[in-house]
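One structure is given below, encoded as structure tokens.
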Amino acid sequence: MLERTLIIAAIFCSPWLHAQVIESTHLSGFGEAKYPANFTHLEYVNPKAPKGGHVTYGAIGTYDSFNRYGSRGKPGAMTGELYDTLMFSPTDEINTSYPLIAEKLRYSDDYTWMEVDINPKAKFHDGVAITAKDVEFTFQKFVEQGVPQYKTYYKNIKSVKALNDKTVRIEMKQSDRDVLFSFVQGSAVLPAHFWQDKDLSQPLSQPPVGSGPYKVDSFKPGQSITYTRVKDYWAQDLAVNVGRNNFDTIQYDYYRDDTVMLEAFKAGEYDLRQEGTAKFWATSYTGSNFDKGYIVKEEISNTMPRGMQGFIYNTESDIFKDPKVREALTYALDFEWMNKNMFYQQYTRTSSYFQNTIYQAKNAPSAAELEILTPLKEQIPARVFGSAYAPPASDGSGRIRTQMRTALKLLKEAGWEIQKGVLTNSKTGKPFEFELMAYSPTTERIADPLKKNLSNLGINMKIRTVDTTQYLKRWHERDYDMIFSSYSANAYPSNNLKIAWHSHFIDSTYNQAGVNNKAIDYLTEQIDLHQQDPEKLKALGPALDRVLTWNFYAIPTWHTSRFRVASWDKFSRPEVRPEYDLGLDTWWIDNDKAQKLPAKRR
């Protein structure tokens, strides 16, 4: 048994109220845990995978910080993995975690407190033991100097206190299972002795003391970072780590743009590339190194949930406050023509924030959905009660006159009219113009057809490409009219949806559209309250999906259900891939394959 329930006489609030204390070696936020007590390794690893070798990856842009948690600065690749977390979440389960720094847990069944025992072997890279005091320090550091949404999300945590060196107690202001579990599942533990005199909100120019399987070995500021596997890593034999973290060194080299980075890959400057651009995949993966079999190109199918990628409006920008305006612009994106002429028919149109899951809205609302939505009737679009949202579709010819007429009709209803070829506000006389902020030339390429169609409506869409540091700063501050970005894939309706959509998190960088909507507040609150009610979530998920899509917070674009992977032929991998990830952390260097490659890429 993973869980053992002890009936104790812990008294809360009144002398006749008794609580149960649950002792556990796992936390499951959704469904049942997959792995039994004392499991030896994860299903998707090769427990006998050899360790060794060097792998180089490419990264775009630059970096100026080793602090993944700062409000300022561009953190370097993999800096978020310098620290171990209390628990580890496998990528073949949804929201379930197993011990890493934590060894075991005790918590009340009313979710008002939890005690976490720290593994006595846990230590930082400098040999200093990880203690409960470090957990306490980390919480306070994030509350005082972390990004604003951290303090907001964990507002129900009353205290995080070390009871002794190896036990920390979390007490809640009120019962809150999901926040309690989330804190313990995902919390990295910072070394107090390193961070106590540093500001967590600021960039860090030198590598910090970490605790994970890798540490920074060397770096060239803004150009490259090399990590080395910690040979005496304290947690390497834990069940969650067996068969993982197999490369001796991992290097990230930075390039100014994706085109340059692709050519560097083909020339042998780095080892593996996941391709995100359909044109590159269809036309650019050729050359002598492919002909010789040095580089292998694979499409690996998956059924993973897909995120909502698209041109995301900032609804706090005056020009995009009106839903009719936002809807009108969706008619200017001719996906079918783009898929045919630019993407080599590699993509499928995205239409949901729960794409490829059972929570995606389909057809008309069910009786269970109507029960949720009807009380919100005055606060939500009427079309929510009809068919599920579907983006406008064309015949792929490039002639979208019908769509453009629909767009103009909506814009006229919203107070815009064409004057001398320019779409103009009938009240203010101002022209319709806005800025799409980007950091990659690839974004410019896929935005150009949209820009052209909008110009035919008299709209001036300016594409402004900035460097990654400026982009990140403006993204944090929501200083843009529109960006090409995405919302994370949702395997199920989790309480994390509040961070992206609830008005309490309006300052969250995850609330990219700047949404402040009472109906969405209510739905995300209900999702939070019903995390342990799978049947209710089956109705709440599609209900939220309908409200989000019919409010037009983004122009949905496209997705693929394949990993497009090219690599220099030096890797082997387990037979089983994790359900929700490619699983690169389980791959290893196959020396027999590597010896057949040029010396530079062995």
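Order determines the names: the first chain of the structure tokens is A, the second B, and so forth; residues in each chain are numbered 1 upward, and ligands are numbered 1 upward as they are shown.
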### Query
If you count only C-alpha atoms, which residues fall within 12 Å of Thr330 of chain A, apart from same-chain ones fewer than 6 positions away, as a PyMOL selection string?
chain A and resi 310-313+323-324+351+390-393+403-404+406-408+410-411+450-451+453-454+549-557
Give me the segment 473-586 of chain A side of the contact with segment 438-448 of chain A, cut-off 10 Å, one line per residue showing its nearest atom pair and distance in Å at one decimal, counting only C-alpha atoms, sorted by chain and residue number, as a tab-separated table.
residue	atom	partner	partner_atom	distance
A:Tyr480	CA	A:Ala438	CA	9.9
A:Met482	CA	A:Ala438	CA	9.0
A:Ile483	CA	A:Ala438	CA	6.5
A:Phe484	CA	A:Ala438	CA	7.0
A:Ser485	CA	A:Ala438	CA	9.3
### Task
For atom CA of Val45 of chain A and atom CA of Ser224 of chain A, determine how far apart the two atoms are, in Å to one decimal place.
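Separation between atom CA of Val45 of chain A and atom CA of Ser224 of chain A: 28.9 Å.
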Quick one: residues within 7 Å of Ser28 of chain A, only C-alpha atoms counted, chain neighbours fewer than 5 positions away excluded, as an mmCIF file with C-alpha atoms, in the first residue's frame?
data_model
loop_
_atom_site.group_PDB
_atom_site.id
_atom_site.type_symbol
_atom_site.label_atom_id
_atom_site.label_comp_id
_atom_site.auth_asym_id
_atom_site.auth_seq_id
_atom_site.Cartn_x
_atom_site.Cartn_y
_atom_site.Cartn_z
ATOM 1 C CA ALA A 33 -1.006 6.620 -8.541
ATOM 2 C CA ASN A 95 -0.199 15.320 -11.536
ATOM 3 C CA THR A 96 1.251 12.467 -9.469
ATOM 4 C CA SER A 97 4.585 12.703 -7.703
#
### Message
For a test of reading the model, state the distance in Å between atom CA of Asn67 of chain A and atom CA of Trp475 of chain A, rounded to one decimal.
### Response
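Atom CA of Trp475 of chain A lies at a distance of 17.7 Å from atom CA of Asn67 of chain A.
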### Message
Which residues are near Tyr285 of chain A? Cut-off 10 Å, only C-alpha atoms, ignore same chain within fewer than 2 positions. Put them as a PyMOL selection string.
### Response
chain A and resi 262-263+265-266+279-283+287+289-290+295-297+566
Name the residues in contact with segment 156-160 of chain A at a cut-off of 8 Å, using only C-alpha atoms, excluding same-chain residues fewer than 5 positions from it; report them as a short mmCIF file (atom, residue, chain, number, x, y, z; two decimals) with all heavy atoms, in the first residue's frame.
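result_18.cif, written as the output of this step:
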data_model
loop_
_atom_site.label_atom_id
_atom_site.label_comp_id
_atom_site.auth_asym_id
_atom_site.auth_seq_id
_atom_site.Cartn_x
_atom_site.Cartn_y
_atom_site.Cartn_z
N VAL A 135 13.86 24.51 3.23
CA VAL A 135 12.49 24.55 2.70
C VAL A 135 11.77 25.78 3.24
O VAL A 135 11.10 26.51 2.50
CB VAL A 135 11.72 23.27 3.05
CG1 VAL A 135 10.31 23.32 2.45
CG2 VAL A 135 12.47 22.03 2.55
N GLU A 136 11.91 26.01 4.54
CA GLU A 136 11.30 27.19 5.16
C GLU A 136 11.84 28.47 4.52
O GLU A 136 11.08 29.39 4.16
CB GLU A 136 11.59 27.20 6.67
CG GLU A 136 11.06 28.42 7.40
CD GLU A 136 11.44 28.42 8.87
OE1 GLU A 136 11.62 27.33 9.46
OE2 GLU A 136 11.56 29.53 9.44
N PHE A 139 10.44 29.09 0.88
CA PHE A 139 9.08 29.63 0.83
C PHE A 139 9.09 31.14 1.13
O PHE A 139 8.48 31.93 0.40
CB PHE A 139 8.18 28.90 1.83
CG PHE A 139 6.80 29.46 1.91
CD1 PHE A 139 5.89 29.26 0.87
CD2 PHE A 139 6.39 30.21 3.01
CE1 PHE A 139 4.61 29.79 0.93
CE2 PHE A 139 5.11 30.75 3.07
CZ PHE A 139 4.22 30.53 2.02
N VAL A 168 9.71 19.41 8.00
CA VAL A 168 9.12 20.73 7.81
C VAL A 168 7.60 20.58 7.84
O VAL A 168 7.05 19.59 7.37
CB VAL A 168 9.59 21.36 6.48
CG1 VAL A 168 9.12 20.57 5.27
CG2 VAL A 168 9.14 22.81 6.38
N ARG A 169 6.94 21.56 8.42
CA ARG A 169 5.48 21.52 8.54
C ARG A 169 4.88 22.70 7.77
O ARG A 169 5.30 23.85 7.93
CB ARG A 169 5.05 21.58 10.00
CG ARG A 169 3.53 21.49 10.22
CD ARG A 169 3.21 21.55 11.71
NE ARG A 169 1.77 21.59 11.96
CZ ARG A 169 1.00 20.53 12.20
NH1 ARG A 169 1.53 19.32 12.20
NH2 ARG A 169 -0.31 20.67 12.42
N ILE A 170 3.88 22.38 6.94
CA ILE A 170 3.14 23.39 6.19
C ILE A 170 1.76 23.50 6.81
O ILE A 170 1.05 22.48 6.92
CB ILE A 170 3.02 23.03 4.70
CG1 ILE A 170 4.41 22.83 4.08
CG2 ILE A 170 2.25 24.11 3.95
CD1 ILE A 170 4.82 21.42 3.91
N GLU A 171 1.38 24.68 7.22
CA GLU A 171 0.04 24.89 7.78
C GLU A 171 -0.73 25.84 6.88
O GLU A 171 -0.19 26.83 6.38
CB GLU A 171 0.13 25.45 9.20
CG GLU A 171 0.73 24.46 10.19
CD GLU A 171 0.36 24.80 11.63
OE1 GLU A 171 -0.41 25.77 11.85
OE2 GLU A 171 0.84 24.09 12.53
N MET A 172 -2.02 25.53 6.70
CA MET A 172 -2.87 26.31 5.82
C MET A 172 -3.77 27.25 6.62
O MET A 172 -4.16 26.94 7.75
CB MET A 172 -3.74 25.38 4.97
CG MET A 172 -2.97 24.27 4.26
SD MET A 172 -1.76 24.91 3.08
CE MET A 172 -2.86 25.61 1.84
N LYS A 173 -4.12 28.38 6.02
CA LYS A 173 -5.08 29.28 6.65
C LYS A 173 -6.48 28.65 6.63
O LYS A 173 -7.29 28.87 7.54
CB LYS A 173 -5.10 30.61 5.90
CG LYS A 173 -3.81 31.38 6.00
CD LYS A 173 -3.87 32.65 5.15
CE LYS A 173 -2.55 33.39 5.18
NZ LYS A 173 -2.56 34.58 4.29
N GLN A 174 -6.74 27.89 5.58
CA GLN A 174 -7.98 27.15 5.47
C GLN A 174 -7.71 25.92 4.60
O GLN A 174 -6.69 25.85 3.92
CB GLN A 174 -9.08 28.01 4.84
CG GLN A 174 -8.74 28.53 3.46
CD GLN A 174 -9.74 29.54 2.96
OE1 GLN A 174 -10.34 30.27 3.73
NE2 GLN A 174 -9.96 29.57 1.65
N ASP A 176 -7.16 23.53 1.81
CA ASP A 176 -6.90 23.77 0.39
C ASP A 176 -5.99 22.65 -0.11
O ASP A 176 -4.77 22.77 -0.14
CB ASP A 176 -6.25 25.14 0.17
CG ASP A 176 -6.30 25.57 -1.28
OD1 ASP A 176 -6.27 24.70 -2.16
OD2 ASP A 176 -6.38 26.80 -1.53
N VAL A 179 -3.58 23.49 -3.38
CA VAL A 179 -2.44 24.37 -3.12
C VAL A 179 -1.43 23.66 -2.22
O VAL A 179 -0.22 23.75 -2.45
CB VAL A 179 -2.91 25.69 -2.48
CG1 VAL A 179 -1.73 26.47 -1.91
CG2 VAL A 179 -3.65 26.54 -3.51
N LEU A 180 -1.91 22.94 -1.23
CA LEU A 180 -1.03 22.18 -0.35
C LEU A 180 -0.22 21.16 -1.14
O LEU A 180 1.01 21.08 -1.02
CB LEU A 180 -1.85 21.49 0.74
CG LEU A 180 -1.09 20.66 1.78
CD1 LEU A 180 -0.11 21.53 2.57
CD2 LEU A 180 -2.06 19.95 2.72
#
#### Entry: Option closest in space to Trp587 of chain A, from A:Ala239, A:Ala49, A:Ile506, A:Ala77 [counting only C-alpha atoms]
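Comparing A:Ala239, A:Ala49, A:Ile506, A:Ala77 against Trp587 of chain A, the winner is A:Ala49.
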### Message
Which residues are close to segment 40-42 of chain A, i.e. within 12 Å by only C-alpha atoms, leaving aside same-chain residues fewer than 2 positions away? Reply as JSON, numbers by chain.
### Response
{"A": [34, 35, 36, 37, 38, 44, 45, 46, 47, 48, 49, 88, 89, 90, 91, 92, 93, 97, 98, 236, 237, 238, 239, 240, 241, 242, 243, 244, 574, 576, 577, 578, 583, 586]}
### Distance of atom CA of Gly210 of chain A from atom CA of His54 of chain A, expressed in Å to one decimal place
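Computing the Euclidean distance for atom CA of His54 of chain A and atom CA of Gly210 of chain A yields 20.7 Å.
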With only C-alpha atoms counted and 8 Å as the cut-off, give the residues of segment 178-284 of chain A in contact with segment 58-65 of chain A, each with its shortest interatomic distance in Å and the pair that gives it, as JSON lines.
{"residue": "A:Pro203", "atom": "CA", "partner": "A:Ser65", "partner_atom": "CA", "distance": 4.9}
{"residue": "A:Leu204", "atom": "CA", "partner": "A:Ser65", "partner_atom": "CA", "distance": 4.8}
{"residue": "A:Ser205", "atom": "CA", "partner": "A:Ser65", "partner_atom": "CA", "distance": 5.3}
{"residue": "A:Gln206", "atom": "CA", "partner": "A:Ser65", "partner_atom": "CA", "distance": 7.6}
{"residue": "A:Pro221", "atom": "CA", "partner": "A:Asp64", "partner_atom": "CA", "distance": 6.8}
{"residue": "A:Gly222", "atom": "CA", "partner": "A:Tyr63", "partner_atom": "CA", "distance": 4.7}
{"residue": "A:Gln223", "atom": "CA", "partner": "A:Thr62", "partner_atom": "CA", "distance": 6.4}
{"residue": "A:Tyr252", "atom": "CA", "partner": "A:Gly58", "partner_atom": "CA", "distance": 5.5}
{"residue": "A:Asp253", "atom": "CA", "partner": "A:Gly58", "partner_atom": "CA", "distance": 5.0}
{"residue": "A:Tyr254", "atom": "CA", "partner": "A:Ala59", "partner_atom": "CA", "distance": 4.7}
{"residue": "A:Tyr255", "atom": "CA", "partner": "A:Ile60", "partner_atom": "CA", "distance": 5.0}
{"residue": "A:Arg256", "atom": "CA", "partner": "A:Gly61", "partner_atom": "CA", "distance": 5.1}
{"residue": "A:Asp257", "atom": "CA", "partner": "A:Ile60", "partner_atom": "CA", "distance": 5.8}
{"residue": "A:Asp258", "atom": "CA", "partner": "A:Ile60", "partner_atom": "CA", "distance": 6.6}
{"residue": "A:Met261", "atom": "CA", "partner": "A:Gly58", "partner_atom": "CA", "distance": 6.7}
{"residue": "A:Phe265", "atom": "CA", "partner": "A:Gly58", "partner_atom": "CA", "distance": 8.0}
{"residue": "A:Tyr270", "atom": "CA", "partner": "A:Gly58", "partner_atom": "CA", "distance": 6.5}
{"residue": "A:Arg273", "atom": "CA", "partner": "A:Gly58", "partner_atom": "CA", "distance": 7.5}
### Query
Of the candidates A:Gln346, A:Thr402, A:Asn517, A:Ser317, which one gets nearest to Gly276 of chain A if we count only C-alpha atoms?
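Ranking A:Gln346, A:Thr402, A:Asn517, A:Ser317 by distance to Gly276 of chain A, first place goes to A:Gln346.
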Each segment 493-575 of chain A residue no farther than 12 Å from segment 151-154 of chain A, nearest pair in Å, only C-alpha atoms, as JSON lines:
{"residue": "A:Asn495", "atom": "CA", "partner": "A:Tyr153", "partner_atom": "CA", "distance": 10.1}
{"residue": "A:Asn496", "atom": "CA", "partner": "A:Tyr153", "partner_atom": "CA", "distance": 9.1}
{"residue": "A:Leu497", "atom": "CA", "partner": "A:Tyr153", "partner_atom": "CA", "distance": 11.2}
{"residue": "A:Lys498", "atom": "CA", "partner": "A:Tyr153", "partner_atom": "CA", "distance": 8.7}
{"residue": "A:Ile499", "atom": "CA", "partner": "A:Tyr153", "partner_atom": "CA", "distance": 7.5}
{"residue": "A:Ala500", "atom": "CA", "partner": "A:Tyr153", "partner_atom": "CA", "distance": 11.3}
{"residue": "A:His502", "atom": "CA", "partner": "A:Tyr153", "partner_atom": "CA", "distance": 10.7}
{"residue": "A:Ser503", "atom": "CA", "partner": "A:Thr152", "partner_atom": "CA", "distance": 11.1}
{"residue": "A:His504", "atom": "CA", "partner": "A:Thr152", "partner_atom": "CA", "distance": 7.5}
{"residue": "A:Phe505", "atom": "CA", "partner": "A:Thr152", "partner_atom": "CA", "distance": 7.2}
{"residue": "A:Ile506", "atom": "CA", "partner": "A:Thr152", "partner_atom": "CA", "distance": 10.4}
{"residue": "A:Asp507", "atom": "CA", "partner": "A:Thr152", "partner_atom": "CA", "distance": 9.7}
{"residue": "A:Ser508", "atom": "CA", "partner": "A:Thr152", "partner_atom": "CA", "distance": 9.2}
{"residue": "A:Asp528", "atom": "CA", "partner": "A:Tyr153", "partner_atom": "CA", "distance": 11.9}
Can those selected residues be exported to a file as an mmCIF file, in the first residue's frame so that it contains C-alpha atoms?
data_model
loop_
_atom_site.group_PDB
_atom_site.id
_atom_site.type_symbol
_atom_site.label_atom_id
_atom_site.label_comp_id
_atom_site.auth_asym_id
_atom_site.auth_seq_id
_atom_site.Cartn_x
_atom_site.Cartn_y
_atom_site.Cartn_z
ATOM 1 C CA ASN A 495 -6.450 24.250 -10.526
ATOM 2 C CA ASN A 496 -3.500 25.786 -12.402
ATOM 3 C CA LEU A 497 -6.021 27.179 -14.878
ATOM 4 C CA LYS A 498 -6.661 29.927 -12.347
ATOM 5 C CA ILE A 499 -3.167 31.305 -12.903
ATOM 6 C CA ALA A 500 -3.798 31.759 -16.617
ATOM 7 C CA HIS A 502 -8.608 34.147 -13.030
ATOM 8 C CA SER A 503 -8.780 37.896 -12.381
ATOM 9 C CA HIS A 504 -6.855 37.465 -9.115
ATOM 10 C CA PHE A 505 -3.892 36.599 -11.335
ATOM 11 C CA ILE A 506 -4.270 39.551 -13.681
ATOM 12 C CA ASP A 507 -0.614 40.407 -13.005
ATOM 13 C CA SER A 508 0.501 36.874 -13.789
ATOM 14 C CA ASP A 528 -10.451 24.201 -8.270
#
### Task
Would you mind writing down, as number ranges by chain, each residue of segment 279-436 of chain A that DSSP on the backbone assigns to strand (DSSP E or B)?
A: 295-301, 306, 308-313, 348-349, 355, 416-419, 422-425, 431, 433-436
### Summary
Residue with the minimum atom-to-atom distance to Pro50 of chain A, picked from A:Tyr227, A:Gly293, A:Asn246, A:Thr85 with only C-alpha atoms counted, is A:Asn246
